[in-house]
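> Dropping in data.csv, with CSV, C-alpha atoms.
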```
chain,number,residue,atom,x,y,z
A,14,MET,CA,119.9,121.8,58.6
A,15,ASN,CA,121.0,120.1,61.8
A,16,VAL,CA,120.2,121.1,65.4
A,17,ARG,CA,123.4,123.0,65.8
A,18,GLU,CA,122.9,125.1,62.7
A,19,ALA,CA,119.3,125.7,63.6
A,20,LEU,CA,120.4,127.1,66.9
A,21,LYS,CA,123.2,129.1,65.4
A,22,SER,CA,121.1,130.8,62.8
A,23,GLY,CA,118.7,131.6,65.6
A,24,SER,CA,116.0,129.8,63.7
A,25,SER,CA,112.9,130.1,65.8
A,26,GLN,CA,111.2,127.4,63.8
A,27,LYS,CA,110.1,124.8,66.4
A,28,VAL,CA,108.4,121.5,66.0
A,29,LEU,CA,106.5,119.5,68.5
A,30,ALA,CA,108.6,116.7,70.1
A,31,TRP,CA,106.5,115.6,73.1
A,32,ASP,CA,102.7,116.1,73.6
A,33,LEU,CA,101.4,117.5,76.8
A,34,PRO,CA,100.2,114.2,78.5
A,35,THR,CA,103.7,112.7,78.0
A,36,ARG,CA,105.3,115.7,79.6
A,37,ILE,CA,102.8,115.8,82.5
A,38,PHE,CA,103.6,112.1,83.0
A,39,LYS,CA,107.3,112.6,82.9
A,40,TRP,CA,107.5,115.5,85.4
A,41,GLY,CA,104.7,114.0,87.5
A,42,LEU,CA,106.8,110.9,87.9
A,43,VAL,CA,109.9,112.9,88.8
A,44,LEU,CA,108.0,114.8,91.6
A,45,LEU,CA,106.4,111.6,92.9
A,46,VAL,CA,109.6,109.7,93.1
A,47,ALA,CA,111.1,112.6,95.0
A,48,ASP,CA,108.0,112.7,97.2
A,49,ALA,CA,108.2,109.0,97.8
A,50,TRP,CA,111.6,109.5,99.5
A,51,ILE,CA,110.4,112.7,101.4
A,52,SER,CA,107.2,111.0,102.6
A,53,ASN,CA,109.2,108.0,103.9
A,54,LYS,CA,111.8,110.3,105.6
A,55,PHE,CA,109.4,112.8,107.1
A,56,GLY,CA,106.0,111.2,107.0
A,57,GLY,CA,106.4,108.6,109.8
A,58,SER,CA,103.2,109.9,111.4
A,59,MET,CA,101.4,110.0,108.1
A,60,PRO,CA,101.6,106.6,106.5
A,61,ALA,CA,98.7,107.6,104.1
A,62,TRP,CA,101.1,110.1,102.5
A,63,HIS,CA,103.6,107.5,101.4
A,64,LYS,CA,100.9,105.0,100.4
A,65,TRP,CA,98.9,107.5,98.3
A,66,ASN,CA,102.2,108.6,96.7
A,67,GLY,CA,102.8,105.0,95.7
A,68,TYR,CA,99.3,104.6,94.2
A,69,ALA,CA,99.8,107.8,92.3
A,70,ILE,CA,103.0,106.4,90.9
A,71,LEU,CA,101.3,103.2,89.8
A,72,VAL,CA,98.6,105.2,88.1
A,73,LEU,CA,101.2,107.2,86.2
A,74,ILE,CA,103.0,104.1,85.1
A,75,VAL,CA,99.9,102.4,83.9
A,76,PHE,CA,98.9,105.5,82.1
A,77,ARG,CA,102.3,105.6,80.4
A,78,LEU,CA,102.0,102.0,79.4
A,79,LEU,CA,98.6,102.7,77.7
A,80,TRP,CA,99.9,106.0,76.3
A,81,GLY,CA,102.7,104.0,74.7
A,82,PHE,CA,100.1,102.5,72.4
A,83,VAL,CA,97.7,105.3,71.7
A,84,GLY,CA,99.6,108.5,72.6
A,85,GLY,CA,101.6,111.0,70.6
A,86,SER,CA,103.8,109.7,67.8
A,87,THR,CA,107.1,110.1,69.8
A,88,SER,CA,105.5,108.5,72.9
A,89,ARG,CA,104.6,105.3,71.3
A,90,PHE,CA,106.7,102.3,72.2
A,91,ALA,CA,106.7,101.2,68.5
A,92,ALA,CA,108.3,104.5,67.7
A,93,PHE,CA,111.3,104.2,70.0
A,94,ALA,CA,111.7,100.5,70.9
A,95,ALA,CA,115.0,99.4,69.3
A,96,SER,CA,116.9,96.2,69.1
A,97,PRO,CA,120.0,95.9,71.3
A,98,SER,CA,122.2,96.0,68.2
A,99,ARG,CA,120.6,99.2,67.0
A,100,ALA,CA,121.2,100.8,70.4
A,101,LEU,CA,124.8,99.6,70.5
A,102,VAL,CA,125.5,101.0,67.0
A,103,TYR,CA,123.9,104.3,68.0
A,104,ALA,CA,126.0,104.4,71.2
A,105,ARG,CA,129.1,103.7,69.2
A,106,ASP,CA,128.3,106.3,66.6
A,107,ILE,CA,127.7,108.9,69.2
A,108,PHE,CA,130.3,108.3,71.9
A,109,ILE,CA,133.1,106.6,70.0
A,110,ALA,CA,132.9,107.8,66.4
A,111,GLY,CA,131.6,111.2,67.5
A,112,ARG,CA,129.0,111.2,64.7
A,113,ALA,CA,126.0,113.4,65.1
A,114,ARG,CA,122.8,111.5,65.0
A,115,ARG,CA,119.6,113.4,65.8
A,116,PHE,CA,116.4,112.1,67.1
A,117,LEU,CA,113.3,114.0,67.8
A,118,GLY,CA,112.0,111.4,70.2
A,119,HIS,CA,113.9,108.9,72.3
A,120,ASN,CA,117.1,107.6,70.6
A,121,PRO,CA,117.7,103.9,70.4
A,122,ALA,CA,119.9,103.8,73.5
A,123,GLY,CA,117.8,106.2,75.4
A,124,ALA,CA,114.8,103.9,74.8
A,125,TYR,CA,116.5,101.3,77.0
A,126,MET,CA,116.8,103.9,79.8
A,127,ILE,CA,113.1,104.7,79.5
A,128,PHE,CA,112.1,101.1,79.8
A,129,ALA,CA,114.6,100.5,82.6
A,130,LEU,CA,113.2,103.5,84.6
A,131,LEU,CA,109.6,102.5,84.0
A,132,ILE,CA,110.3,98.9,85.1
A,133,ALA,CA,112.4,99.9,88.1
A,134,VAL,CA,109.8,102.3,89.4
A,135,ALA,CA,107.0,99.9,88.7
A,136,LEU,CA,108.7,97.1,90.7
A,137,GLN,CA,109.4,99.5,93.6
A,138,ALA,CA,105.7,100.5,93.7
A,139,ILE,CA,104.4,97.0,93.4
A,140,ALA,CA,106.8,95.8,96.2
A,141,GLY,CA,105.5,98.6,98.3
A,142,LEU,CA,102.0,97.2,98.1
A,143,TYR,CA,103.3,94.1,99.8
A,144,SER,CA,105.6,95.8,102.3
A,145,ALA,CA,105.3,96.7,105.9
A,146,ASP,CA,107.4,97.8,108.8
A,147,GLU,CA,109.0,95.0,110.7
A,148,ASP,CA,106.3,94.9,113.4
A,149,ARG,CA,103.4,95.6,111.0
A,150,LEU,CA,102.4,98.5,113.3
A,151,ILE,CA,103.5,101.7,111.6
A,152,ILE,CA,102.8,101.3,107.9
A,153,GLU,CA,101.5,98.4,105.9
A,154,GLY,CA,100.9,98.1,102.2
A,155,PRO,CA,97.3,97.1,101.2
A,156,LEU,CA,98.4,93.7,100.0
A,157,ALA,CA,100.8,92.8,102.8
A,158,LYS,CA,98.1,90.8,104.5
A,159,THR,CA,97.6,88.6,101.4
A,160,ILE,CA,101.1,87.0,101.7
A,161,SER,CA,103.1,85.3,104.4
A,162,ASP,CA,105.0,87.3,107.1
A,163,SER,CA,108.3,86.1,105.7
A,164,ASP,CA,107.3,87.2,102.2
A,165,VAL,CA,106.4,90.6,103.6
A,166,ASP,CA,109.9,90.8,105.1
A,167,ARG,CA,111.4,89.9,101.8
A,168,MET,CA,109.2,92.5,99.9
A,169,SER,CA,110.0,95.2,102.5
A,170,SER,CA,113.7,94.5,102.3
A,171,PHE,CA,113.6,94.7,98.5
A,172,HIS,CA,111.5,97.9,98.8
A,173,ALA,CA,114.1,99.4,101.1
A,174,SER,CA,117.1,98.6,98.9
A,175,TRP,CA,115.7,98.8,95.4
A,176,PHE,CA,115.3,102.6,95.8
A,177,ASN,CA,119.1,102.8,95.4
A,178,VAL,CA,118.8,101.2,91.9
A,179,ILE,CA,116.3,103.9,91.0
A,180,LEU,CA,118.7,106.5,92.2
A,181,VAL,CA,121.5,105.1,90.1
A,182,LEU,CA,119.4,104.9,87.0
A,183,ALA,CA,118.1,108.4,87.6
A,184,ALA,CA,121.6,109.8,88.1
A,185,ILE,CA,122.8,108.2,84.8
A,186,HIS,CA,119.6,109.5,83.1
A,187,ILE,CA,120.1,113.0,84.3
A,188,ALA,CA,123.9,113.1,83.6
A,189,VAL,CA,123.4,111.8,80.0
A,190,ASN,CA,120.6,114.3,79.3
A,191,LEU,CA,122.8,117.2,80.6
A,192,LEU,CA,125.6,115.9,78.3
A,193,TYR,CA,123.2,116.0,75.4
A,194,GLY,CA,122.3,119.6,76.3
A,195,PHE,CA,125.7,121.0,76.9
A,196,ILE,CA,128.0,118.9,74.6
A,197,LYS,CA,125.8,117.8,71.8
A,198,ARG,CA,123.7,121.0,72.0
A,199,ASP,CA,120.6,119.0,71.7
A,200,PRO,CA,118.0,120.7,73.9
A,201,VAL,CA,116.5,117.4,75.2
A,202,ILE,CA,115.6,118.7,78.6
A,203,GLN,CA,114.0,121.9,77.4
A,204,ALA,CA,112.1,119.8,74.9
A,205,MET,CA,110.6,117.7,77.7
A,206,ILE,CA,109.5,121.0,79.4
A,207,SER,CA,108.3,123.1,76.5
A,208,GLY,CA,107.3,120.2,74.3
A,209,SER,CA,109.2,121.5,71.2
A,210,LYS,CA,112.6,121.2,69.6
A,211,PRO,CA,114.2,123.2,66.8
A,212,ARG,CA,113.2,122.0,63.3
A,213,ALA,CA,116.0,119.8,62.0
A,214,ASN,CA,116.7,116.7,60.0
A,215,TYR,CA,115.8,114.1,62.6
A,216,GLU,CA,116.3,110.4,61.9
A,217,ASP,CA,113.0,109.2,63.5
A,218,GLN,CA,110.3,111.8,62.9
A,219,GLN,CA,110.3,115.4,61.6
A,220,GLU,CA,107.5,116.5,63.8
A,221,ALA,CA,105.5,114.8,66.5
A,222,ARG,CA,101.8,114.2,66.1
A,223,PRO,CA,100.2,114.7,69.6
A,224,GLY,CA,97.9,112.1,71.1
A,225,ALA,CA,94.2,113.1,71.4
A,226,PRO,CA,93.3,114.8,74.6
A,227,LEU,CA,90.3,112.6,74.9
A,228,ALA,CA,92.5,109.5,74.6
A,229,ALA,CA,94.7,110.9,77.4
A,230,LEU,CA,91.7,111.3,79.6
A,231,ALA,CA,90.6,107.8,78.8
A,232,CYS,CA,94.0,106.4,79.6
A,233,GLY,CA,94.2,108.3,82.8
A,234,LEU,CA,90.8,107.0,83.9
A,235,ALA,CA,91.6,103.5,82.8
A,236,ALA,CA,94.9,103.7,84.8
A,237,ILE,CA,93.0,104.6,88.0
A,238,VAL,CA,90.6,101.8,87.5
A,239,VAL,CA,93.4,99.3,86.8
A,240,VAL,CA,95.4,100.3,89.9
A,241,PHE,CA,92.7,100.6,92.5
A,242,GLY,CA,90.5,97.9,91.0
A,243,GLY,CA,93.6,95.7,90.8
A,244,ILE,CA,94.4,96.2,94.5
A,245,PHE,CA,90.8,95.4,95.4
A,246,ALA,CA,90.8,92.3,93.2
A,247,LEU,CA,94.0,91.1,94.8
A,248,GLY,CA,92.3,91.3,98.2
A,249,GLY,CA,93.5,94.6,99.5
A,250,ASN,CA,91.8,97.9,100.3
A,251,PRO,CA,93.8,100.9,99.1
A,252,LEU,CA,91.3,103.4,100.6
A,253,ARG,CA,91.9,102.3,104.2
B,10,MET,CA,102.8,84.7,155.2
B,11,LYS,CA,102.1,88.2,154.1
B,12,LEU,CA,105.6,89.2,155.2
B,13,LYS,CA,107.1,86.3,153.2
B,14,LEU,CA,105.2,87.4,150.1
B,15,LEU,CA,106.3,91.0,150.6
B,16,ALA,CA,109.9,89.9,151.1
B,17,GLY,CA,109.6,87.7,148.0
B,18,ALA,CA,108.2,90.6,145.9
B,19,THR,CA,110.9,92.9,147.2
B,20,LEU,CA,113.5,90.4,146.2
B,21,LEU,CA,112.0,90.1,142.8
B,22,VAL,CA,112.1,93.8,142.2
B,23,ALA,CA,115.7,94.0,143.5
B,24,ALA,CA,116.7,91.1,141.3
B,25,SER,CA,115.2,92.6,138.2
B,26,ALA,CA,117.0,95.9,138.9
B,27,VAL,CA,120.3,94.0,139.2
B,28,TYR,CA,119.3,92.1,136.1
B,29,ALA,CA,118.7,95.4,134.2
B,30,GLN,CA,122.1,96.6,135.3
B,31,ASN,CA,123.9,93.4,134.4
B,32,ASP,CA,122.0,92.8,131.2
B,33,PRO,CA,120.9,96.1,129.7
B,34,ILE,CA,120.4,94.4,126.3
B,35,ALA,CA,117.8,92.0,127.7
B,36,ALA,CA,116.2,94.8,129.7
B,37,ARG,CA,115.8,97.2,126.8
B,38,ARG,CA,114.6,94.4,124.6
B,39,ALA,CA,111.9,93.6,127.1
B,40,ILE,CA,110.7,97.2,127.3
B,41,LEU,CA,110.7,97.6,123.5
B,42,LYS,CA,108.9,94.3,123.1
B,43,GLY,CA,106.4,95.7,125.6
B,44,PHE,CA,106.0,98.7,123.3
B,45,GLY,CA,105.3,96.5,120.4
B,46,ASP,CA,102.7,94.4,122.3
B,47,ALA,CA,101.0,97.4,123.7
B,48,THR,CA,100.8,99.0,120.2
B,49,LYS,CA,99.1,96.0,118.5
B,50,ALA,CA,95.6,97.0,119.6
B,51,PRO,CA,95.8,100.8,118.8
B,52,ALA,CA,97.4,99.9,115.4
B,53,ALA,CA,94.5,97.6,114.6
B,54,MET,CA,92.1,100.4,115.7
B,55,LEU,CA,93.8,102.8,113.3
B,56,LYS,CA,93.3,100.4,110.5
B,57,GLY,CA,89.7,99.9,111.5
B,58,GLU,CA,90.3,96.2,112.2
B,59,GLU,CA,89.5,96.5,115.9
B,60,LYS,CA,86.9,98.6,117.8
B,61,PHE,CA,88.2,101.8,119.4
B,62,ASP,CA,89.0,101.2,123.1
B,63,LEU,CA,90.3,104.2,125.0
B,64,ALA,CA,91.6,102.1,127.8
B,65,LYS,CA,93.9,100.1,125.6
B,66,VAL,CA,95.2,103.3,124.0
B,67,GLN,CA,95.9,104.8,127.4
B,68,THR,CA,97.7,101.6,128.4
B,69,ALA,CA,99.9,101.9,125.3
B,70,LEU,CA,100.7,105.6,126.0
B,71,LYS,CA,101.5,104.8,129.7
B,72,THR,CA,103.8,102.0,128.5
B,73,TYR,CA,105.6,104.4,126.1
B,74,SER,CA,105.9,107.1,128.8
B,75,ASP,CA,107.3,104.7,131.4
B,76,GLY,CA,109.6,103.0,129.0
B,77,ALA,CA,111.0,106.2,127.5
B,78,LYS,CA,112.2,107.2,130.9
B,79,LYS,CA,114.2,103.9,131.4
B,80,LEU,CA,115.5,103.3,127.9
B,81,PRO,CA,118.2,106.0,127.6
B,82,ALA,CA,120.1,104.4,130.5
B,83,LEU,CA,119.9,100.9,128.9
B,84,PHE,CA,122.3,101.7,126.1
B,85,PRO,CA,125.7,101.8,128.0
B,86,ASP,CA,128.9,101.7,126.0
B,87,ASN,CA,129.4,98.1,126.9
B,88,SER,CA,126.1,97.0,125.3
B,89,LYS,CA,126.9,97.6,121.7
B,90,THR,CA,126.9,94.0,120.7
B,91,GLY,CA,125.6,90.6,122.0
B,92,GLY,CA,122.3,89.3,123.3
B,93,ASP,CA,120.8,89.3,119.8
B,94,THR,CA,120.6,93.1,119.8
B,95,ALA,CA,119.3,95.0,116.8
B,96,ALA,CA,120.9,98.2,118.0
B,97,LEU,CA,123.1,99.8,115.4
B,98,PRO,CA,126.5,101.3,116.3
B,99,LYS,CA,125.1,104.6,115.1
B,100,ILE,CA,123.3,104.9,118.5
B,101,TRP,CA,126.6,105.5,120.2
B,102,GLU,CA,127.9,107.8,117.5
B,103,ASP,CA,125.0,110.2,118.0
B,104,LYS,CA,123.9,109.5,121.5
B,105,THR,CA,122.5,113.0,122.0
B,106,ARG,CA,120.1,112.7,119.1
B,107,PHE,CA,119.2,109.1,120.0
B,108,GLU,CA,118.3,110.1,123.5
B,109,SER,CA,116.4,113.2,122.3
B,110,LEU,CA,114.2,110.8,120.4
B,111,TYR,CA,113.3,108.9,123.5
B,112,ALA,CA,112.6,112.3,125.2
B,113,LYS,CA,110.3,113.2,122.4
B,114,LEU,CA,108.6,109.8,122.6
B,115,GLY,CA,108.0,110.3,126.3
B,116,GLN,CA,106.8,113.9,126.0
B,117,ASP,CA,104.4,113.0,123.2
B,118,ALA,CA,103.0,110.0,125.1
B,119,ALA,CA,102.5,112.1,128.2
B,120,ALA,CA,100.8,114.9,126.2
B,121,ASN,CA,98.6,112.3,124.4
B,122,MET,CA,97.5,110.8,127.6
B,123,THR,CA,95.4,114.0,128.1
B,124,ALA,CA,94.9,114.9,124.5
B,125,ILE,CA,93.4,111.5,123.4
B,126,VAL,CA,89.9,111.4,124.8
B,127,ASP,CA,87.9,109.8,122.1
B,128,GLU,CA,88.2,108.1,118.7
B,129,ALA,CA,88.6,111.3,116.7
B,130,SER,CA,91.4,112.6,118.9
B,131,PHE,CA,93.0,109.1,118.8
B,132,LYS,CA,92.9,109.0,115.0
B,133,ARG,CA,94.4,112.5,114.9
B,134,GLU,CA,97.1,112.1,117.5
B,135,PHE,CA,98.2,108.5,117.7
B,136,PRO,CA,99.9,108.3,114.3
B,137,LYS,CA,102.3,110.9,115.6
B,138,GLN,CA,103.2,108.5,118.3
B,139,LEU,CA,104.0,105.8,115.7
B,140,GLY,CA,106.0,108.4,113.9
B,141,ASP,CA,108.2,108.6,117.0
B,142,CYS,CA,108.8,104.8,116.8
B,143,LYS,CA,109.8,105.1,113.1
B,144,ALA,CA,112.1,108.0,113.7
B,145,CYS,CA,114.2,105.8,115.9
B,146,HIS,CA,113.9,102.5,114.0
B,147,ASP,CA,114.9,104.1,110.7
B,148,ASP,CA,118.3,105.1,111.9
B,149,TYR,CA,119.1,103.0,114.9
B,150,ARG,CA,117.6,99.6,114.5
B,151,ALA,CA,119.1,96.9,112.3
B,152,LYS,CA,116.8,95.8,109.5
B,153,LYS,CA,115.7,92.2,109.3
B,154,GLN,CA,117.6,90.4,106.6
```
Since I need it in another form, could you write the structure as structure tokens?


Amino acid sequence: MNVREALKSGSSQKVLAWDLPTRIFKWGLVLLVADAWISNKFGGSMPAWHKWNGYAILVLIVFRLLWGFVGGSTSRFAAFAASPSRALVYARDIFIAGRARRFLGHNPAGAYMIFALLIAVALQAIAGLYSADEDRLIIEGPLAKTISDSDVDRMSSFHASWFNVILVLAAIHIAVNLLYGFIKRDPVIQAMISGSKPRANYEDQQEARPGAPLAALACGLAAIVVVFGGIFALGGNPLR
Amino acid sequence: MKLKLLAGATLLVAASAVYAQNDPIAARRAILKGFGDATKAPAAMLKGEEKFDLAKVQTALKTYSDGAKKLPALFPDNSKTGGDTAALPKIWEDKTRFESLYAKLGQDAAANMTAIVDEASFKREFPKQLGDCKACHDDYRAKKQ
């Protein structure tokens, strides 16, 4: 039974698609990326707001990298990383041939968007550590003093413009997911909220196995240590 | 001798007034550069890199307060380009908002001259002052390339 039939028959049989830590990461990152913009726009008098937002983003990203190895079965990189040719064949099947191909987790093309978003946001956050306002008076990343002034200018200018790349990626990401929901009737957005999808004949996995809560806790703590320890090790003080 | 000095000083003041009128770009750049220089010490104090010094903070606030009164007049329509200006054309598109930001800067500085009396009040109030700088720089100052 495919997804469409499952929905039509009103089958209430649901299977786990995304474990809780993965969902907390996902929506946490959405909120923090939004808050990154808000804190820059409205937090001129509160530089700590924007800086701590950036640290939190880095912690989430590092958590996700670790979770990609020890997390739930659909969250592991090995489960969704696909070769470019697989992704292209998938995209052709879906968009040109109009074939229905169902994945419980990330599909082969979507996997590329996930990596692109993770890399784009990580680059933005790392650049932020080395950025400062032009006069180095209003806001300064904790590592800005470890590089030359001209490099700080370069990093800051990257940090200011790269956000647009994130916006474009996010816009495509949202649009495609809405298309999946409304045209393919594949409730991908609901799945990322509730964690479950209708039982169906998926190509990748029939049901996700969640990551261990203790492993999630360990990944979260490790991420905090990596981010804050890393900034200290590189000669900055994120707490100041 | 004294008279000569006085005359010289008067001439200098008059000359700089003429200078400001003839070259508003240089005049506003000098004031804004003064803002930056005055802010160095308080910014370092906020980061804990320099010891708190109320006198330097008050000097900075006085600099903002004085400059904020002069700056709105230093962006006449014929000063949109030239003189290595970093002023963006947007200034002249929303002049009212632009000038209101200087008004806010001046008001905040004046208020802080009485509100900031010790390190605690400095740490609480001064960042708002820096927020006033950013509010204007974000929209009206060209970014370094």

> Looking at A:Ile160, A:Ala188, A:Ala213, A:Ala124, which one is nearest to A:Lys27, with distances taken over only C-alpha atoms?

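Answer, going by the shortest atom-to-atom distance: A:Ala213.
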
> Find the residues around B:Ile125 up to 12 Å (only C-alpha atoms counted), leave out those fewer than 4 positions away in its own chain, and share them as a PyMOL selection string.

chain B and resi 51+61-70+117-121+129-138

> Near B:Lys49, within 10 Å and counting only C-alpha atoms, which residues show up once chain neighbours fewer than 5 positions away are dropped, as a PyMOL selection string?

(chain A and resi 148-151) or (chain B and resi 44+54+59+65-66+69)

> What are the closest atom pairs, with distances in Å to one decimal, for all residues of chain B lying within 10 Å of chain A? Consider all atoms listed in the file, order rows by chain and residue number, and present the result as a Markdown table.


```
| residue | atom | partner | partner_atom | distance |
| --- | --- | --- | --- | --- |
| B:Gly45 | CA | A:Asp148 | CA | 7.2 |
| B:Asp46 | CA | A:Asp148 | CA | 9.6 |
| B:Thr48 | CA | A:Leu150 | CA | 7.1 |
| B:Lys49 | CA | A:Leu150 | CA | 6.6 |
| B:Ala50 | CA | A:Leu150 | CA | 9.4 |
| B:Pro51 | CA | A:Leu150 | CA | 8.9 |
| B:Ala52 | CA | A:Leu150 | CA | 5.6 |
| B:Ala53 | CA | A:Leu150 | CA | 8.1 |
| B:Leu55 | CA | A:Arg253 | CA | 9.3 |
| B:Lys56 | CA | A:Arg253 | CA | 6.7 |
| B:Gly57 | CA | A:Arg253 | CA | 8.0 |
| B:Arg133 | CA | A:Ser58 | CA | 9.8 |
| B:Glu134 | CA | A:Ser58 | CA | 8.9 |
| B:Phe135 | CA | A:Ser58 | CA | 8.2 |
| B:Pro136 | CA | A:Ser58 | CA | 4.7 |
| B:Lys137 | CA | A:Ser58 | CA | 4.4 |
| B:Gln138 | CA | A:Ser58 | CA | 7.0 |
| B:Leu139 | CA | A:Ile151 | CA | 5.8 |
| B:Gly140 | CA | A:Ser58 | CA | 4.0 |
| B:Asp141 | CA | A:Gly57 | CA | 7.4 |
| B:Cys142 | CA | A:Ile151 | CA | 8.0 |
| B:Lys143 | CA | A:Gly57 | CA | 5.9 |
| B:Ala144 | CA | A:Gly57 | CA | 6.9 |
| B:His146 | CA | A:Glu147 | CA | 9.5 |
| B:Asp147 | CA | A:Lys54 | CA | 8.6 |
| B:Lys152 | CA | A:Glu147 | CA | 7.9 |
| B:Lys153 | CA | A:Asp166 | CA | 7.3 |
| B:Gln154 | CA | A:Ser170 | CA | 7.1 |
```

> Rounded to one decimal in Å, what is the spacing between atom CA of A:Ala49 and atom CA of A:Gly233?

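That distance, rounded to one decimal, is 20.5 Å.
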
> Can you work out the spacing between atom CA of A:Val46 and atom CA of A:Asp32 in Å, to one decimal?

21.7 Å

> In Å, rounded to a single decimal, give me how far atom CA of A:Ala133 is from atom CA of A:Leu73.

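Atom-to-atom, atom CA of A:Leu73 to atom CA of A:Ala133, that is 13.5 Å.
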